[in-house]
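Here's the structure, in structure tokens; my notes come after.
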Amino acid sequence: MLLYLRLLKESLGFAINALRNNKLRTLLSLLGVTIGIFSIIAVLAAVDSLDKKISKDLSSLDKNTIYLMKFNFGPSEIPQWKREQFPNVKYDEYVGLKNSMNNTDQVGYQLFVKHETLKYDSRTVGDVNIIPSSSEMVDIDGLTFDKGRFYNESESNSGTPVIVLGYEIAEGLFAGSDPIGKNIRLYGQRFTVIGVMAKQGAGFFGDSNDTSVYLPANFLRRMYGDSDAMTPVIVLKPTKGVDMDAYKAEVAQKLRAIRGIKAGEMDNFFINVLSGFTDFIDGIIGQMNVVGWIISGFSLLVGGFGIANIMFVSVKERTNLIGIQKSLGAKNKFILFQFLFEAIILSVIGGIIGLLMVWGIAFGLTKLLDFEFVLSFGNILLGTVLAAIIGLISGILPAISAANLDPVEAIRTGM
């Protein structure tokens, strides 16, 4: 053990001397390893950060949540022209499913509408995400509150002009004062603020609850009817542990019955399960990982050649020293490990530089953007191990050539 510790110490000294005496040559040789480790760990850190953000955004939602609408989340075998002929889901269908579905925790109704501008006295907030919905969406979306409450079933059914504000919307309109009970203007009408949602942070999928407002869907239906400018969706949250295939079959059977679709005719709606969407996202993340590894692999290959090159040069420069060591009784194994350790140390130095670059960029982007980039301990360990493996592989041939040198010839050649 003491022998290997001495070897490691000497190898570290030789590696530091190589960096000190041949700065440009050594740095150029380490550049490939640095870029390779940087590329791999940067991709993995970005993917981990995206995965963490997506998981956080979807944490309040049940992955078995169903979105029933005329559109589909993913690819479909049904031609586009046929899909465009599908009718929108209707409020009466929402009521019918709510009253007839088994094994169901909640059934909600929501409209997708364009962004609007909100006003309070002289203050204005634009580009606000409007979410007209039924009262059940507070539980389906897992909303939490900083102040106040969500509208109840009675207010939802009657279309009462009440509104729930996102955290940033409340700050923009009321500048820290209590908004509960105040009236704001939207769609040329007055809405009474009854709640403010808890701060969420930026959402990966676009709009965040911080920049959104909820209001009863029936208020807009009362004003505009079931306009084509609004895309409705029925949201079903099944009870835990339900058989999803059987549940989807029941949803399809109930809606077909409500619409009077005959046996043998195709469904004119889509049953979108949230888990299918998350699986699609996971597939994209997996592909990003593969592409990152492929691109980074070329950089690591170049880095390996760079380490091998500097080690061959090191063997040549120390031929006389190798001869002296062997003449004094140093075994081949001693020489072999000496150069292997040196190659590994040089490669790990390059890897550490790459990791520091990733950390610096991640830290800077986290500060600049409302998005947390994560450089996990696992990725740091992976980068260090990869660098060590590259050094080990790259140093094998130079180390073997050094270990096999004839001591007499080595001393004569080095003189």
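We label chains A, B, ... in the order they appear in the structure tokens, count residues from 1 in each chain, and number ligands from 1 in the order shown.
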Counting only C-alpha atoms, which residues of region 370-408 of chain A fall within 10 Å of region 288-300 of chain A, and what is the closest atom pair for each with its distance in Å at one decimal, ordered by chain and rising number, as CSV?
residue,atom,partner,partner_atom,distance
A:Leu386,CA,A:Leu300,CA,9.2
A:Ala387,CA,A:Leu300,CA,8.6
A:Ile390,CA,A:Leu300,CA,7.4
With a distance cut-off of 8 Å and only C-alpha atoms, select the neighbouring residues of Gly350 (chain A), excluding the residue or stretch itself and same-chain residues fewer than 2 positions from it, and output the selection as a VMD selection string. chain A and resid 30 to 31 33 to 34 346 to 348 352 to 354 387
Please produce a file of the residues just selected, as a PDB file, in the first residue's frame, where the atoms kept are C-alpha atoms.
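Writing done, so here's again.pdb:
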ATOM      1  CA  LEU A  30      -6.367  18.025 -22.111  1.00  0.00           C
ATOM      2  CA  LEU A  31      -8.794  20.133 -24.154  1.00  0.00           C
ATOM      3  CA  VAL A  33     -11.143  15.503 -22.286  1.00  0.00           C
ATOM      4  CA  THR A  34     -12.353  18.833 -20.914  1.00  0.00           C
ATOM      5  CA  LEU A 346      -3.865  14.432 -16.147  1.00  0.00           C
ATOM      6  CA  SER A 347      -7.217  13.201 -17.504  1.00  0.00           C
ATOM      7  CA  VAL A 348      -9.002  13.827 -14.201  1.00  0.00           C
ATOM      8  CA  ILE A 352     -12.435  18.664 -13.292  1.00  0.00           C
ATOM      9  CA  ILE A 353     -11.979  21.708 -15.533  1.00  0.00           C
ATOM     10  CA  GLY A 354     -14.978  20.509 -17.583  1.00  0.00           C
ATOM     11  CA  ALA A 387     -12.182  11.111 -16.968  1.00  0.00           C
TER      12      ALA A 387
END
request  = Please give the complete set of residues from region 232-402 of chain A that DSSP, run on the backbone, assigns to helix (DSSP H, G or I), formatted as an MDAnalysis selection string.
outcome  = chainID A and resid 244:259 274:317 319:327 332:368 377:402
Residues of region 214-325 of chain A that approach region 91-102 of chain A to 8 Å or less, counting only C-alpha atoms: could you list each one with the shortest pair of atoms and its distance in Å to one decimal, rows by chain and increasing residue number, as a tab-separated table?
residue	atom	partner	partner_atom	distance
A:Ile234	CA	A:Tyr94	CA	6.1
A:Glu250	CA	A:Met101	CA	7.7
A:Val251	CA	A:Met101	CA	7.4
A:Lys254	CA	A:Leu97	CA	7.1
A:Leu255	CA	A:Glu93	CA	7.2
A:Ile258	CA	A:Glu93	CA	7.0
Could you write out that same residue set with N, CA, C and O atoms as an mmCIF file, in the first residue's frame?
data_model
loop_
_atom_site.group_PDB
_atom_site.id
_atom_site.type_symbol
_atom_site.label_atom_id
_atom_site.label_comp_id
_atom_site.auth_asym_id
_atom_site.auth_seq_id
_atom_site.Cartn_x
_atom_site.Cartn_y
_atom_site.Cartn_z
ATOM 1 N N ILE A 234 -63.196 18.322 -21.059
ATOM 2 C CA ILE A 234 -63.724 17.693 -19.853
ATOM 3 C C ILE A 234 -62.572 16.936 -19.204
ATOM 4 O O ILE A 234 -61.898 16.139 -19.859
ATOM 5 N N GLU A 250 -65.230 2.787 -20.131
ATOM 6 C CA GLU A 250 -66.488 3.308 -19.583
ATOM 7 C C GLU A 250 -66.717 4.752 -20.028
ATOM 8 O O GLU A 250 -67.847 5.132 -20.380
ATOM 9 N N VAL A 251 -65.652 5.557 -20.016
ATOM 10 C CA VAL A 251 -65.768 6.943 -20.477
ATOM 11 C C VAL A 251 -66.245 6.977 -21.930
ATOM 12 O O VAL A 251 -67.168 7.729 -22.279
ATOM 13 N N LYS A 254 -69.940 5.847 -22.192
ATOM 14 C CA LYS A 254 -70.890 6.850 -21.700
ATOM 15 C C LYS A 254 -71.018 8.018 -22.675
ATOM 16 O O LYS A 254 -72.129 8.493 -22.956
ATOM 17 N N LEU A 255 -69.884 8.509 -23.203
ATOM 18 C CA LEU A 255 -69.941 9.652 -24.118
ATOM 19 C C LEU A 255 -70.563 9.250 -25.461
ATOM 20 O O LEU A 255 -71.300 10.031 -26.069
ATOM 21 N N ILE A 258 -74.226 9.357 -24.871
ATOM 22 C CA ILE A 258 -74.728 10.735 -24.816
ATOM 23 C C ILE A 258 -74.820 11.323 -26.219
ATOM 24 O O ILE A 258 -75.792 12.019 -26.558
#
Query - Pick from A:Ile130, A:Met230, A:Met223, A:Ile261, whichever lies nearest to Asp210 (chain A) using only C-alpha atoms - result: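 Of the candidates, the smallest distance to Asp210 (chain A) is held by A:Ile130.
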> Do you have the CA of Leu381 (chain A)-CA of Ile41 (chain A) distance handy?
Replying inline: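 So the answer is 10.1 Å.
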Kindly indicate which residue among A:Ile322, A:Glu136, A:Met266, A:Leu368 lies nearest to Arg83 (chain A), using only C-alpha atoms for the distances.
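Checking each candidate against Arg83 (chain A), we get A:Met266 as the closest.
With only C-alpha atoms as the atoms that count, the minimum distance from Met311 (chain A) to the choices A:Gly181, A:Gly378, A:Gly391, A:Gly323 is reached by A:Gly391.
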Counting only C-alpha atoms, figure out which residue out of A:Tyr214, A:Tyr120, A:Phe191, A:Phe339 gets nearest to Pro398 (chain A).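 Nearest candidate to Pro398 (chain A) out of A:Tyr214, A:Tyr120, A:Phe191, A:Phe339: A:Phe339.
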Q: Check the DSSP output for the backbone and give back, as a list of chain:residue names, the residues of region 78-148 of chain A in strand (DSSP E or B).
A: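 Secondary structure check on region 78-148 of chain A, strand (DSSP E or B): A:Thr104, A:Asp105, A:Gln106, A:Val107, A:Gly108, A:Tyr109, A:Gln110, A:Leu111, A:Phe112, A:Glu116, A:Thr117, A:Leu118, A:Lys119, A:Tyr120, A:Arg123, A:Thr124, A:Val125, A:Gly126, A:Asp127, A:Val128, A:Asn129, A:Ile130, A:Ile131, A:Pro132, A:Ser133, A:Phe145, A:Asp146, A:Lys147, A:Gly148.
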If you count only C-alpha atoms, the residue of A:Arg185, A:Lys114, A:Val107, A:Thr192 closest to Ile163 (chain A) turns out to be A:Thr192
May I have the residues within 12 Å of Ser29 (chain A) as number ranges by chain, using only C-alpha atoms and disregarding those fewer than 5 positions away in the same chain? A: 18-19, 22-24, 34-35, 299-313, 343, 346-347, 349-350, 391, 394
Applying 12 Å and only C-alpha atoms, which residues near Ile131 (chain A) remain after dropping the ones on its own chain fewer than 6 positions away? List them as an mmCIF file with N, CA, C and O atoms, in the first residue's frame.
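Output file out-v2.cif is given in full below:
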data_model
loop_
_atom_site.group_PDB
_atom_site.id
_atom_site.type_symbol
_atom_site.label_atom_id
_atom_site.label_comp_id
_atom_site.auth_asym_id
_atom_site.auth_seq_id
_atom_site.Cartn_x
_atom_site.Cartn_y
_atom_site.Cartn_z
ATOM 1 N N TYR A 109 -64.677 20.859 -15.878
ATOM 2 C CA TYR A 109 -64.892 21.439 -17.212
ATOM 3 C C TYR A 109 -64.026 22.685 -17.321
ATOM 4 O O TYR A 109 -63.960 23.497 -16.391
ATOM 5 N N GLN A 110 -63.346 22.830 -18.454
ATOM 6 C CA GLN A 110 -62.444 23.972 -18.620
ATOM 7 C C GLN A 110 -62.483 24.450 -20.057
ATOM 8 O O GLN A 110 -62.690 23.656 -20.989
ATOM 9 N N LEU A 111 -62.276 25.755 -20.244
ATOM 10 C CA LEU A 111 -62.219 26.352 -21.576
ATOM 11 C C LEU A 111 -60.810 26.877 -21.829
ATOM 12 O O LEU A 111 -60.184 27.461 -20.940
ATOM 13 N N PHE A 112 -60.315 26.654 -23.041
ATOM 14 C CA PHE A 112 -59.053 27.258 -23.459
ATOM 15 C C PHE A 112 -59.386 28.500 -24.275
ATOM 16 O O PHE A 112 -60.047 28.415 -25.322
ATOM 17 N N VAL A 113 -58.940 29.656 -23.799
ATOM 18 C CA VAL A 113 -59.244 30.936 -24.452
ATOM 19 C C VAL A 113 -57.946 31.722 -24.618
ATOM 20 O O VAL A 113 -56.900 31.366 -24.063
ATOM 21 N N LYS A 114 -58.011 32.804 -25.366
ATOM 22 C CA LYS A 114 -56.813 33.618 -25.600
ATOM 23 C C LYS A 114 -56.493 34.471 -24.367
ATOM 24 O O LYS A 114 -57.339 34.697 -23.501
ATOM 25 N N HIS A 115 -55.252 34.935 -24.319
ATOM 26 C CA HIS A 115 -54.811 35.785 -23.212
ATOM 27 C C HIS A 115 -55.521 37.140 -23.266
ATOM 28 O O HIS A 115 -55.891 37.622 -24.332
ATOM 29 N N GLU A 116 -55.686 37.755 -22.095
ATOM 30 C CA GLU A 116 -56.395 39.023 -22.000
ATOM 31 C C GLU A 116 -55.643 39.996 -21.088
ATOM 32 O O GLU A 116 -54.602 39.650 -20.511
ATOM 33 N N MET A 137 -61.929 22.070 -10.674
ATOM 34 C CA MET A 137 -60.547 22.193 -11.134
ATOM 35 C C MET A 137 -59.585 22.587 -10.022
ATOM 36 O O MET A 137 -58.383 22.374 -10.134
ATOM 37 N N VAL A 138 -60.092 23.121 -8.909
ATOM 38 C CA VAL A 138 -59.219 23.450 -7.784
ATOM 39 C C VAL A 138 -58.571 22.191 -7.227
ATOM 40 O O VAL A 138 -57.400 22.195 -6.823
ATOM 41 N N ASP A 141 -56.386 20.345 -10.413
ATOM 42 C CA ASP A 141 -55.108 21.015 -10.661
ATOM 43 C C ASP A 141 -54.248 21.125 -9.403
ATOM 44 O O ASP A 141 -53.101 21.584 -9.479
ATOM 45 N N ILE A 163 -63.271 35.964 -9.308
ATOM 46 C CA ILE A 163 -62.016 35.618 -9.973
ATOM 47 C C ILE A 163 -60.951 35.269 -8.933
ATOM 48 O O ILE A 163 -60.941 35.824 -7.827
ATOM 49 N N VAL A 164 -60.071 34.330 -9.303
ATOM 50 C CA VAL A 164 -58.941 33.926 -8.465
ATOM 51 C C VAL A 164 -57.667 34.301 -9.220
ATOM 52 O O VAL A 164 -57.484 33.908 -10.377
ATOM 53 N N LEU A 165 -56.784 35.052 -8.588
ATOM 54 C CA LEU A 165 -55.602 35.606 -9.253
ATOM 55 C C LEU A 165 -54.351 34.775 -8.976
ATOM 56 O O LEU A 165 -54.180 34.236 -7.879
ATOM 57 N N GLY A 166 -53.462 34.720 -9.973
ATOM 58 C CA GLY A 166 -52.133 34.190 -9.768
ATOM 59 C C GLY A 166 -51.304 35.174 -8.954
ATOM 60 O O GLY A 166 -51.611 36.368 -8.893
ATOM 61 N N ASP A 207 -47.402 28.739 -19.593
ATOM 62 C CA ASP A 207 -48.013 29.575 -18.576
ATOM 63 C C ASP A 207 -47.905 28.939 -17.194
ATOM 64 O O ASP A 207 -48.108 27.741 -17.013
ATOM 65 N N SER A 208 -47.599 29.778 -16.231
ATOM 66 C CA SER A 208 -47.549 29.366 -14.831
ATOM 67 C C SER A 208 -48.804 29.871 -14.142
ATOM 68 O O SER A 208 -49.447 30.836 -14.591
ATOM 69 N N ASN A 209 -49.174 29.239 -13.024
ATOM 70 C CA ASN A 209 -50.307 29.746 -12.254
ATOM 71 C C ASN A 209 -50.046 31.155 -11.750
ATOM 72 O O ASN A 209 -50.987 31.898 -11.464
ATOM 73 N N THR A 211 -49.044 33.609 -13.433
ATOM 74 C CA THR A 211 -49.501 34.576 -14.443
ATOM 75 C C THR A 211 -50.863 34.181 -15.011
ATOM 76 O O THR A 211 -51.193 34.538 -16.143
ATOM 77 N N SER A 212 -51.627 33.418 -14.234
ATOM 78 C CA SER A 212 -52.936 32.946 -14.672
ATOM 79 C C SER A 212 -54.022 33.417 -13.719
ATOM 80 O O SER A 212 -53.748 33.778 -12.571
ATOM 81 N N VAL A 213 -55.256 33.395 -14.190
ATOM 82 C CA VAL A 213 -56.416 33.648 -13.330
ATOM 83 C C VAL A 213 -57.488 32.615 -13.647
ATOM 84 O O VAL A 213 -57.623 32.158 -14.792
ATOM 85 N N TYR A 214 -58.225 32.212 -12.625
ATOM 86 C CA TYR A 214 -59.356 31.298 -12.778
ATOM 87 C C TYR A 214 -60.657 32.071 -12.580
ATOM 88 O O TYR A 214 -60.765 32.919 -11.684
ATOM 89 N N LEU A 215 -61.653 31.741 -13.410
ATOM 90 C CA LEU A 215 -62.981 32.318 -13.245
ATOM 91 C C LEU A 215 -64.007 31.276 -13.689
ATOM 92 O O LEU A 215 -63.670 30.343 -14.435
ATOM 93 N N PRO A 216 -65.263 31.384 -13.260
ATOM 94 C CA PRO A 216 -66.266 30.386 -13.633
ATOM 95 C C PRO A 216 -66.471 30.328 -15.145
ATOM 96 O O PRO A 216 -66.702 31.361 -15.799
ATOM 97 N N ALA A 217 -66.400 29.116 -15.707
ATOM 98 C CA ALA A 217 -66.570 28.945 -17.152
ATOM 99 C C ALA A 217 -67.958 29.399 -17.592
ATOM 100 O O ALA A 217 -68.131 29.927 -18.701
ATOM 101 N N ASN A 218 -68.959 29.222 -16.727
ATOM 102 C CA ASN A 218 -70.327 29.587 -17.111
ATOM 103 C C ASN A 218 -70.519 31.091 -17.255
ATOM 104 O O ASN A 218 -71.476 31.533 -17.883
ATOM 105 N N PHE A 219 -69.607 31.898 -16.696
ATOM 106 C CA PHE A 219 -69.694 33.340 -16.922
ATOM 107 C C PHE A 219 -69.469 33.630 -18.402
ATOM 108 O O PHE A 219 -70.227 34.397 -19.015
ATOM 109 N N LEU A 220 -68.420 33.032 -18.987
ATOM 110 C CA LEU A 220 -68.149 33.250 -20.415
ATOM 111 C C LEU A 220 -69.203 32.581 -21.284
ATOM 112 O O LEU A 220 -69.579 33.105 -22.335
ATOM 113 N N MET A 230 -63.571 29.433 -28.205
ATOM 114 C CA MET A 230 -63.199 28.792 -26.940
ATOM 115 C C MET A 230 -63.184 27.280 -27.137
ATOM 116 O O MET A 230 -64.140 26.711 -27.655
ATOM 117 N N THR A 231 -62.071 26.650 -26.756
ATOM 118 C CA THR A 231 -61.950 25.193 -26.892
ATOM 119 C C THR A 231 -62.211 24.541 -25.545
ATOM 120 O O THR A 231 -61.434 24.726 -24.596
ATOM 121 N N PRO A 232 -63.303 23.771 -25.429
ATOM 122 C CA PRO A 232 -63.622 23.150 -24.140
ATOM 123 C C PRO A 232 -62.940 21.795 -23.959
ATOM 124 O O PRO A 232 -62.585 21.117 -24.927
ATOM 125 N N VAL A 233 -62.748 21.408 -22.707
ATOM 126 C CA VAL A 233 -62.197 20.101 -22.372
ATOM 127 C C VAL A 233 -62.881 19.618 -21.097
ATOM 128 O O VAL A 233 -63.164 20.404 -20.191
#
When distances are computed from only C-alpha atoms, which of A:Ile184, A:Val374, A:Gly364, A:Leu274 shows the smallest separation from Asp51 (chain A)?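 Checking each candidate against Asp51 (chain A), we get A:Val374 as the closest.
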- Message: Need the shell around Gln106 (chain A): protein/DNA/RNA residues with any atom at most 6 Å away, counting only C-alpha atoms. Skip same-chain ones fewer than 2 positions apart. Format as a list in words?
- Response: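 Returned residues: Thr104, Leu236 and Lys237 of chain A.
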Between CA of Ile180 (chain A) and CA of Val193 (chain A) lies a distance of 5.2 Å
Query - Straight-line distance linking CA of Asn64 (chain A) with CA of Lys240 (chain A), stated in Å to one decimal - result: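 These two atoms are separated by 8.7 Å.
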